[in-house]
file coords-v5.cif (mmCIF, C-alpha atoms)
data_model
#
loop_
_atom_site.label_atom_id
_atom_site.label_comp_id
_atom_site.auth_asym_id
_atom_site.auth_seq_id
_atom_site.Cartn_x
_atom_site.Cartn_y
_atom_site.Cartn_z
CA MET A 1 -1.41 -22.87 -14.35
CA ARG A 2 -1.51 -26.40 -12.93
CA ILE A 3 -1.83 -27.02 -9.19
CA ARG A 4 -0.37 -30.33 -8.02
CA GLY A 5 0.52 -31.94 -4.73
CA THR A 6 3.97 -30.38 -5.01
CA THR A 7 2.74 -26.83 -5.68
CA ARG A 8 3.75 -24.23 -3.11
CA LEU A 9 0.89 -21.94 -2.22
CA VAL A 10 0.76 -18.25 -1.36
CA GLY A 11 -2.26 -15.99 -1.34
CA LEU A 12 -3.92 -12.72 -0.48
CA LEU A 13 -5.62 -12.24 2.89
CA GLY A 14 -8.19 -9.46 2.81
CA TRP A 15 -11.85 -8.49 2.84
CA PRO A 16 -12.79 -8.08 0.08
CA VAL A 17 -10.22 -9.43 -2.40
CA ALA A 18 -12.30 -9.98 -5.55
CA HIS A 19 -11.01 -6.73 -7.08
CA SER A 20 -7.32 -7.55 -6.57
CA ARG A 21 -4.97 -7.98 -9.51
CA SER A 22 -2.32 -9.65 -7.35
CA PRO A 23 -3.30 -13.23 -8.34
CA GLN A 24 -2.89 -12.55 -12.05
CA MET A 25 0.36 -10.67 -11.44
CA HIS A 26 2.03 -13.35 -9.31
CA ASN A 27 0.75 -16.35 -11.26
CA ALA A 28 2.11 -14.81 -14.47
CA ALA A 29 5.48 -14.37 -12.74
CA PHE A 30 5.54 -17.96 -11.44
CA SER A 31 4.69 -19.25 -14.91
CA ALA A 32 7.35 -17.10 -16.61
CA LEU A 33 10.07 -18.55 -14.38
CA GLY A 34 8.73 -22.10 -14.50
CA LEU A 35 8.09 -22.20 -10.75
CA ASP A 36 5.68 -24.72 -9.25
CA TRP A 37 3.94 -22.05 -7.20
CA ALA A 38 0.38 -20.69 -7.18
CA TYR A 39 -1.21 -17.55 -5.74
CA VAL A 40 -4.84 -17.67 -4.61
CA PRO A 41 -7.28 -15.05 -3.28
CA LEU A 42 -8.23 -15.66 0.36
CA PRO A 43 -11.31 -13.62 1.35
CA VAL A 44 -11.28 -13.54 5.14
CA ALA A 45 -13.78 -11.53 7.16
CA PRO A 46 -12.24 -9.77 10.18
CA PRO A 47 -13.74 -12.08 12.82
CA ALA A 48 -12.19 -15.10 11.04
CA LEU A 49 -8.62 -13.80 10.80
CA GLU A 50 -7.20 -15.85 13.67
CA ASP A 51 -8.77 -19.03 12.29
CA ALA A 52 -7.45 -18.20 8.82
CA MET A 53 -3.90 -17.81 10.11
CA ARG A 54 -4.11 -21.17 11.86
CA GLY A 55 -5.40 -22.65 8.61
CA LEU A 56 -2.52 -21.28 6.55
CA ARG A 57 -0.03 -22.79 8.98
CA ALA A 58 -1.84 -26.13 8.97
CA MET A 59 -2.02 -26.26 5.17
CA GLY A 60 1.66 -25.46 4.71
CA PHE A 61 1.33 -22.16 2.86
CA ALA A 62 4.68 -20.60 1.97
CA GLY A 63 3.50 -17.07 2.71
CA ALA A 64 0.87 -14.51 1.88
CA ASN A 65 0.12 -10.91 1.12
CA VAL A 66 -2.11 -8.98 3.50
CA THR A 67 -4.46 -6.20 2.49
CA VAL A 68 -7.23 -4.18 4.14
CA PRO A 69 -8.49 -4.55 6.78
CA HIS A 70 -5.91 -6.98 8.17
CA LYS A 71 -2.55 -5.20 7.86
CA THR A 72 -2.41 -4.33 11.55
CA ALA A 73 -4.77 -6.97 12.93
CA VAL A 74 -2.59 -9.83 11.63
CA ILE A 75 0.45 -8.86 13.73
CA PRO A 76 -0.49 -10.75 16.94
CA TYR A 77 -0.66 -14.02 14.97
CA LEU A 78 2.92 -13.80 13.67
CA ASP A 79 6.14 -15.15 15.17
CA GLU A 80 8.23 -12.15 14.18
CA ILE A 81 7.92 -8.86 12.32
CA SER A 82 10.61 -6.76 10.68
CA PRO A 83 11.80 -3.54 12.37
CA LEU A 84 10.22 -1.43 9.60
CA ALA A 85 6.87 -3.21 9.86
CA ARG A 86 6.98 -2.81 13.64
CA ALA A 87 7.71 0.91 13.35
CA ILE A 88 4.85 1.41 10.92
CA GLY A 89 2.46 -0.93 12.70
CA ALA A 90 1.41 -2.51 9.41
CA VAL A 91 2.35 -5.72 7.61
CA ASN A 92 1.57 -6.51 3.97
CA THR A 93 3.76 -9.55 3.25
CA LEU A 94 4.14 -12.77 5.21
CA ARG A 95 6.89 -15.32 4.62
CA VAL A 96 7.71 -18.60 6.29
CA VAL A 97 11.27 -19.31 7.46
CA ASP A 98 11.91 -22.59 9.26
CA GLY A 99 8.24 -22.83 10.16
CA ARG A 100 8.14 -19.31 11.60
CA TRP A 101 5.74 -16.75 10.12
CA ILE A 102 7.50 -13.42 9.62
CA GLY A 103 5.74 -10.16 8.80
CA GLU A 104 7.33 -7.69 6.38
CA ASN A 105 6.32 -4.39 4.85
CA THR A 106 7.07 -4.01 1.13
CA ASP A 107 4.54 -1.19 0.68
CA VAL A 108 7.05 1.45 1.79
CA GLU A 109 9.73 0.58 -0.74
CA GLY A 110 7.06 -0.26 -3.31
CA PHE A 111 5.71 3.27 -3.06
CA ARG A 112 9.19 4.78 -3.28
CA ARG A 113 10.01 2.77 -6.41
CA ALA A 114 6.70 3.70 -8.01
CA LEU A 115 7.30 7.37 -7.25
CA ALA A 116 10.76 7.26 -8.84
CA GLU A 117 9.43 5.40 -11.87
CA ILE A 118 6.99 8.21 -12.71
CA GLY A 119 9.69 10.83 -12.22
CA LEU A 120 8.39 12.40 -9.01
CA SER A 121 10.24 13.10 -5.78
CA ALA A 122 9.21 14.12 -2.28
CA ARG A 123 12.72 15.11 -1.21
CA GLY A 124 12.67 18.62 0.23
CA GLN A 125 9.03 19.06 -0.78
CA ALA A 126 5.75 19.77 1.00
CA VAL A 127 3.26 16.92 0.55
CA VAL A 128 -0.47 16.52 1.21
CA VAL A 129 -1.57 13.05 2.39
CA LEU A 130 -5.28 12.21 2.46
CA GLY A 131 -6.27 9.60 5.04
CA ALA A 132 -4.90 8.16 8.27
CA GLY A 133 -5.44 4.43 7.83
CA GLY A 134 -3.11 1.52 7.15
CA ALA A 135 -1.99 2.73 3.72
CA ALA A 136 -1.15 6.15 5.15
CA ARG A 137 1.29 4.52 7.58
CA SER A 138 3.41 3.15 4.73
CA VAL A 139 3.23 6.39 2.73
CA LEU A 140 4.31 8.44 5.75
CA ALA A 141 7.26 6.10 6.29
CA ALA A 142 8.23 6.44 2.63
CA LEU A 143 8.03 10.24 2.88
CA ALA A 144 10.24 10.12 5.98
CA ILE A 145 12.85 8.07 4.10
CA GLU A 146 12.56 10.42 1.12
CA GLU A 147 13.17 13.37 3.47
CA ALA A 148 10.07 15.34 2.56
CA ARG A 149 10.21 18.87 3.98
CA GLU A 150 6.77 18.78 5.62
CA ILE A 151 3.51 16.86 5.45
CA PHE A 152 -0.09 18.03 5.64
CA LEU A 153 -2.22 15.09 6.79
CA ILE A 154 -5.95 15.52 6.10
CA ASN A 155 -8.48 13.12 7.57
CA ARG A 156 -12.19 13.12 8.38
CA SER A 157 -11.33 12.32 11.99
CA TYR A 158 -8.83 14.84 13.30
CA GLU A 159 -8.42 12.79 16.48
CA ARG A 160 -7.54 9.60 14.59
CA ALA A 161 -4.97 11.41 12.46
CA ALA A 162 -3.43 13.04 15.52
CA ARG A 163 -3.17 9.65 17.26
CA LEU A 164 -1.48 8.16 14.21
CA ILE A 165 1.18 10.88 14.13
CA ALA A 166 1.77 10.58 17.87
CA GLU A 167 2.21 6.82 17.51
CA LEU A 168 4.58 7.06 14.54
CA SER A 169 6.60 9.77 16.27
CA GLU A 170 7.33 7.22 19.01
CA THR A 171 7.94 4.14 16.85
CA PHE A 172 9.94 5.68 14.00
CA PRO A 173 13.16 6.65 15.85
CA PRO A 174 13.94 3.07 16.97
CA ALA A 175 13.74 2.04 13.30
CA GLY A 176 16.03 4.84 12.19
CA LEU A 177 13.28 6.97 10.63
CA ARG A 178 12.70 10.68 11.20
CA LEU A 179 9.20 11.94 10.57
CA PRO A 180 9.13 15.38 8.90
CA PRO A 181 7.00 18.08 10.54
CA VAL A 182 3.36 16.98 10.16
CA HIS A 183 0.40 19.37 10.24
CA VAL A 184 -2.82 17.49 10.96
CA LEU A 185 -5.81 19.14 9.30
CA ARG A 186 -9.52 18.46 9.24
CA VAL A 187 -11.19 17.93 5.86
CA GLU A 188 -12.65 21.42 5.87
CA GLU A 189 -9.26 23.02 6.48
CA PRO A 190 -7.35 23.81 3.28
CA PRO A 191 -3.63 23.02 3.09
CA PRO A 192 -1.18 25.80 2.21
CA GLU A 193 -1.25 27.21 -1.28
CA SER A 194 1.95 25.53 -2.46
CA VAL A 195 2.69 21.79 -2.21
CA ALA A 196 4.42 19.44 -4.64
CA LEU A 197 2.49 16.17 -4.22
CA LEU A 198 -1.00 15.11 -3.18
CA ILE A 199 -1.40 11.43 -2.23
CA ASN A 200 -4.72 9.72 -1.58
CA THR A 201 -4.46 6.76 0.79
CA THR A 202 -8.22 6.46 1.45
CA PRO A 203 -10.62 4.04 -0.30
CA VAL A 204 -12.85 6.93 -1.39
CA GLY A 205 -13.45 6.57 -5.13
CA MET A 206 -12.82 2.82 -5.25
CA ALA A 207 -15.25 0.71 -7.26
CA PRO A 208 -18.21 0.61 -7.04
CA GLU A 209 -18.29 4.19 -5.64
CA ILE A 210 -16.43 5.52 -8.66
CA GLU A 211 -18.02 8.99 -8.66
CA ALA A 212 -16.72 9.81 -5.18
CA SER A 213 -13.60 11.91 -4.63
CA PRO A 214 -11.60 12.41 -1.41
CA TRP A 215 -10.77 15.93 -2.63
CA PRO A 216 -13.86 18.19 -2.83
CA PRO A 217 -14.61 18.82 -6.53
CA ASP A 218 -15.41 22.47 -5.81
CA ARG A 219 -12.10 23.13 -4.03
CA PRO A 220 -9.10 24.23 -6.12
CA PHE A 221 -5.99 22.09 -5.84
CA PRO A 222 -2.99 23.62 -4.07
CA TRP A 223 -0.74 25.67 -6.29
CA GLY A 224 2.48 24.09 -7.55
CA LEU A 225 1.34 20.46 -7.59
CA GLN A 226 3.71 18.31 -9.63
CA GLY A 227 1.51 15.24 -9.37
CA VAL A 228 -1.53 13.63 -7.77
CA ILE A 229 -1.19 9.98 -6.76
CA ASP A 230 -4.27 7.90 -5.95
CA LEU A 231 -3.37 4.54 -4.41
CA ILE A 232 -6.66 3.14 -5.75
CA TYR A 233 -6.39 1.16 -8.99
CA GLU A 234 -9.99 -0.03 -9.40
CA PRO A 235 -11.05 1.89 -11.40
CA PRO A 236 -7.69 2.63 -13.07
CA ARG A 237 -8.78 6.26 -13.56
CA THR A 238 -10.51 7.58 -10.48
CA ARG A 239 -12.63 10.68 -10.02
CA LEU A 240 -9.73 12.31 -8.16
CA MET A 241 -7.43 11.64 -11.11
CA THR A 242 -9.99 13.11 -13.51
CA LEU A 243 -10.27 16.28 -11.42
CA ALA A 244 -6.49 16.63 -11.29
CA GLU A 245 -6.04 16.15 -15.02
CA ALA A 246 -8.78 18.70 -15.71
CA ALA A 247 -6.69 21.15 -13.67
CA GLY A 248 -3.60 20.32 -15.74
CA ILE A 249 -1.94 18.21 -13.04
CA PRO A 250 -0.39 14.82 -13.89
CA ALA A 251 -2.26 12.02 -12.08
CA PHE A 252 -1.28 8.42 -11.37
CA ASN A 253 -3.07 5.42 -9.88
CA GLY A 254 -1.86 2.74 -7.48
CA LEU A 255 -0.81 0.12 -10.02
CA GLY A 256 2.83 1.18 -9.80
CA MET A 257 2.90 0.63 -6.05
CA LEU A 258 1.05 -2.69 -6.46
CA LEU A 259 3.64 -3.81 -8.99
CA HIS A 260 6.73 -2.90 -7.01
CA GLN A 261 5.54 -4.11 -3.61
CA GLY A 262 4.49 -7.35 -5.31
CA ALA A 263 7.87 -7.79 -6.96
CA MET A 264 9.58 -7.46 -3.59
CA ALA A 265 7.19 -9.99 -2.03
CA PHE A 266 7.89 -12.40 -4.90
CA THR A 267 11.61 -12.24 -4.16
CA LEU A 268 11.08 -12.71 -0.42
CA TRP A 269 9.09 -15.89 -1.10
CA THR A 270 11.08 -17.47 -3.91
CA GLY A 271 14.58 -16.04 -3.50
CA GLN A 272 14.53 -15.13 -7.21
CA GLU A 273 14.46 -11.79 -8.96
CA ALA A 274 10.93 -10.92 -9.98
CA PRO A 275 10.17 -10.71 -13.74
CA LEU A 276 9.01 -7.10 -13.46
CA GLU A 277 7.83 -6.58 -17.02
CA VAL A 278 5.86 -9.84 -17.01
CA MET A 279 4.14 -8.70 -13.83
CA ARG A 280 3.50 -5.23 -15.24
CA THR A 281 1.85 -6.68 -18.34
CA ALA A 282 -0.28 -8.99 -16.22
CA ILE A 283 -1.72 -6.28 -13.97
CA LEU A 284 -2.63 -4.11 -16.96
CA GLU A 285 -4.82 -6.88 -18.36
CA GLN A 286 -8.50 -6.47 -17.48
#
call {"tool": "encode", "arguments": {"input": "coords-v5.cif", "output": "structure tokens"}}
result
Amino acid sequence: MRIRGTTRLVGLLGWPVAHSRSPQMHNAAFSALGLDWAYVPLPVAPPALEDAMRGLRAMGFAGANVTVPHKTAVIPYLDEISPLARAIGAVNTLRVVDGRWIGENTDVEGFRRALAEIGLSARGQAVVVLGAGGAARSVLAALAIEEAREIFLINRSYERAARLIAELSETFPPAGLRLPPVHVLRVEEPPPESVALLINTTPVGMAPEIEASPWPPDRPFPWGLQGVIDLIYEPPRTRLMTLAEAAGIPAFNGLGMLLHQGAMAFTLWTGQEAPLEVMRTAILEQ
């Protein structure tokens, strides 16, 4: 990859970003299509976010991805956000149109595409979601679109989870989304015996804390699980995934969601169809 005076720049705003595979994924895609673009990691501590956004504008960046902990905090510094991103209250992709910075959310559709790719469906099913942070917002929106039957949201802070559901219940209808019935549970409260999917949206188990699991190792998984999905991808096989597989339950990491949300961001920036298999190969490389 060569960076010249003509190179259009995009990057990843987050803290930290050293673990991210997005740079290798997008730079491989730019190279495959012969585009004079480059994707760079942009580690930005929370207090510096406003300065960072001013810097991106001043330096003529063409857009960016946004990851934790900035997906909600970045919204006040944008000129416009999409109806879906506004309903969720989280942005993960920024694009520049006529000098205006527009916030989008490709996590929702990225998750849906990843789910379909591994042959799982939430339609008409009961689903357990672990966590009530920014990633949970996008997963809950995806489950609403998929018409899940009901959701059991488990979080260490019952109050935070309850606030999230109250907020989404107000913002979803204007965006045309209908939230399924949600049962907010504390960590110590077990979900019902039968659910189809369990989705971890928390960072518990992410490197370097690879022995941690958001699901207690001594608690049996709900009966009837068709799959466990851990949005973490560093490490590629988390403790939660290991526990699920030991119980005979198929388990998947977050690389599929990373791939598909990234492909959608690529198209928003460049106007070209993303080379999906090139990007898939790139993110699998260590």
call {"tool": "resolve_selection", "arguments": {"input": "coords-v5.cif", "expression": "the PyMOL selection byres ((chain A and resi 177-194) around 7)", "output": "PDB file with C-alpha atoms, in the frame of the given file"}}
result
ATOM      1  CA  ALA A 144      10.240  10.120   5.980  1.00  0.00           C
ATOM      2  CA  ILE A 145      12.850   8.070   4.100  1.00  0.00           C
ATOM      3  CA  ALA A 148      10.070  15.340   2.560  1.00  0.00           C
ATOM      4  CA  ARG A 149      10.210  18.870   3.980  1.00  0.00           C
ATOM      5  CA  GLU A 150       6.770  18.780   5.620  1.00  0.00           C
ATOM      6  CA  ILE A 151       3.510  16.860   5.450  1.00  0.00           C
ATOM      7  CA  PHE A 152      -0.090  18.030   5.640  1.00  0.00           C
ATOM      8  CA  LEU A 153      -2.220  15.090   6.790  1.00  0.00           C
ATOM      9  CA  ILE A 154      -5.950  15.520   6.100  1.00  0.00           C
ATOM     10  CA  ASN A 155      -8.480  13.120   7.570  1.00  0.00           C
ATOM     11  CA  ARG A 156     -12.190  13.120   8.380  1.00  0.00           C
ATOM     12  CA  SER A 157     -11.330  12.320  11.990  1.00  0.00           C
ATOM     13  CA  TYR A 158      -8.830  14.840  13.300  1.00  0.00           C
ATOM     14  CA  ALA A 161      -4.970  11.410  12.460  1.00  0.00           C
ATOM     15  CA  ALA A 162      -3.430  13.040  15.520  1.00  0.00           C
ATOM     16  CA  SER A 169       6.600   9.770  16.270  1.00  0.00           C
ATOM     17  CA  PHE A 172       9.940   5.680  14.000  1.00  0.00           C
ATOM     18  CA  PRO A 173      13.160   6.650  15.850  1.00  0.00           C
ATOM     19  CA  ALA A 175      13.740   2.040  13.300  1.00  0.00           C
ATOM     20  CA  GLY A 176      16.030   4.840  12.190  1.00  0.00           C
ATOM     21  CA  VAL A 195       2.690  21.790  -2.210  1.00  0.00           C
ATOM     22  CA  ALA A 196       4.420  19.440  -4.640  1.00  0.00           C
ATOM     23  CA  PRO A 222      -2.990  23.620  -4.070  1.00  0.00           C
ATOM     24  CA  TRP A 223      -0.740  25.670  -6.290  1.00  0.00           C
ATOM     25  CA  GLY A 224       2.480  24.090  -7.550  1.00  0.00           C
TER      26      GLY A 224
END
call {"tool": "closest_residue", "arguments": {"input": "coords-v5.cif", "among": "A:Ala116, A:Ala141, A:Ala265, A:Ala73", "to": "Ala87 (chain A)", "atoms": "all atoms listed in the file"}}
result
A:Ala141
call {"tool": "atom_distance", "arguments": {"input": "coords-v5.cif", "atom1": "CA of Arg280 (chain A)", "atom2": "CA of Gln261 (chain A)"}}
result
11.9 Å
call {"tool": "residues_around", "arguments": {"input": "coords-v5.cif", "residues": "Leu225 (chain A)", "least_positions_apart": "4", "cutoff": "12 Å", "atoms": "all atoms listed in the file", "output": "short mmCIF file (atom, residue, chain, number, x, y, z; two decimals) with C-alpha atoms, in the frame of the given file"}}
result
data_model
loop_
_atom_site.label_atom_id
_atom_site.label_comp_id
_atom_site.auth_asym_id
_atom_site.auth_seq_id
_atom_site.Cartn_x
_atom_site.Cartn_y
_atom_site.Cartn_z
CA LEU A 120 8.39 12.40 -9.01
CA SER A 121 10.24 13.10 -5.78
CA ALA A 122 9.21 14.12 -2.28
CA GLN A 125 9.03 19.06 -0.78
CA ALA A 126 5.75 19.77 1.00
CA VAL A 127 3.26 16.92 0.55
CA VAL A 128 -0.47 16.52 1.21
CA PRO A 192 -1.18 25.80 2.21
CA GLU A 193 -1.25 27.21 -1.28
CA SER A 194 1.95 25.53 -2.46
CA VAL A 195 2.69 21.79 -2.21
CA ALA A 196 4.42 19.44 -4.64
CA LEU A 197 2.49 16.17 -4.22
CA LEU A 198 -1.00 15.11 -3.18
CA ILE A 199 -1.40 11.43 -2.23
CA PRO A 220 -9.10 24.23 -6.12
CA PHE A 221 -5.99 22.09 -5.84
CA ILE A 229 -1.19 9.98 -6.76
CA ALA A 244 -6.49 16.63 -11.29
CA GLU A 245 -6.04 16.15 -15.02
CA ALA A 247 -6.69 21.15 -13.67
CA GLY A 248 -3.60 20.32 -15.74
CA ILE A 249 -1.94 18.21 -13.04
CA PRO A 250 -0.39 14.82 -13.89
CA ALA A 251 -2.26 12.02 -12.08
#
call {"tool": "resolve_selection", "arguments": {"input": "coords-v5.cif", "expression": "the PyMOL selection byres ((chain A and resi 32-47) around 8)", "output": "ChimeraX atom specification"}}
result
/A:1,3,6-18,23,26-31,48-50,52,69-70,275,278
call {"tool": "atom_distance", "arguments": {"input": "coords-v5.cif", "atom1": "CA of Arg113 (chain A)", "atom2": "CA of Leu268 (chain A)"}}
result
16.6 Å
call {"tool": "resolve_selection", "arguments": {"input": "coords-v5.cif", "expression": "the PyMOL selection byres ((chain A and resi 236) around 10)", "output": "list of chain:residue names"}}
result
A:Met206, A:Ala207, A:Asp230, A:Leu231, A:Ile232, A:Tyr233, A:Glu234, A:Pro235, A:Arg237, A:Thr238, A:Arg239, A:Met241, A:Phe252, A:Asn253, A:Gly254, A:Leu255, A:Leu284
call {"tool": "closest_residue", "arguments": {"input": "coords-v5.cif", "among": "A:Trp269, A:Leu143, A:Leu115, A:Gly124", "to": "Trp101 (chain A)", "atoms": "only C-alpha atoms"}}
result
A:Trp269
call {"tool": "closest_residue", "arguments": {"input": "coords-v5.cif", "among": "A:Met279, A:Ala114, A:Val97, A:Leu140", "to": "Gly63 (chain A)", "atoms": "all atoms listed in the file"}}
result
A:Val97
call {"tool": "closest_residue", "arguments": {"input": "coords-v5.cif", "among": "A:Ser138, A:Ser82, A:Thr281, A:Gln226", "to": "Asp107 (chain A)", "atoms": "all atoms listed in the file"}}
result
A:Ser138
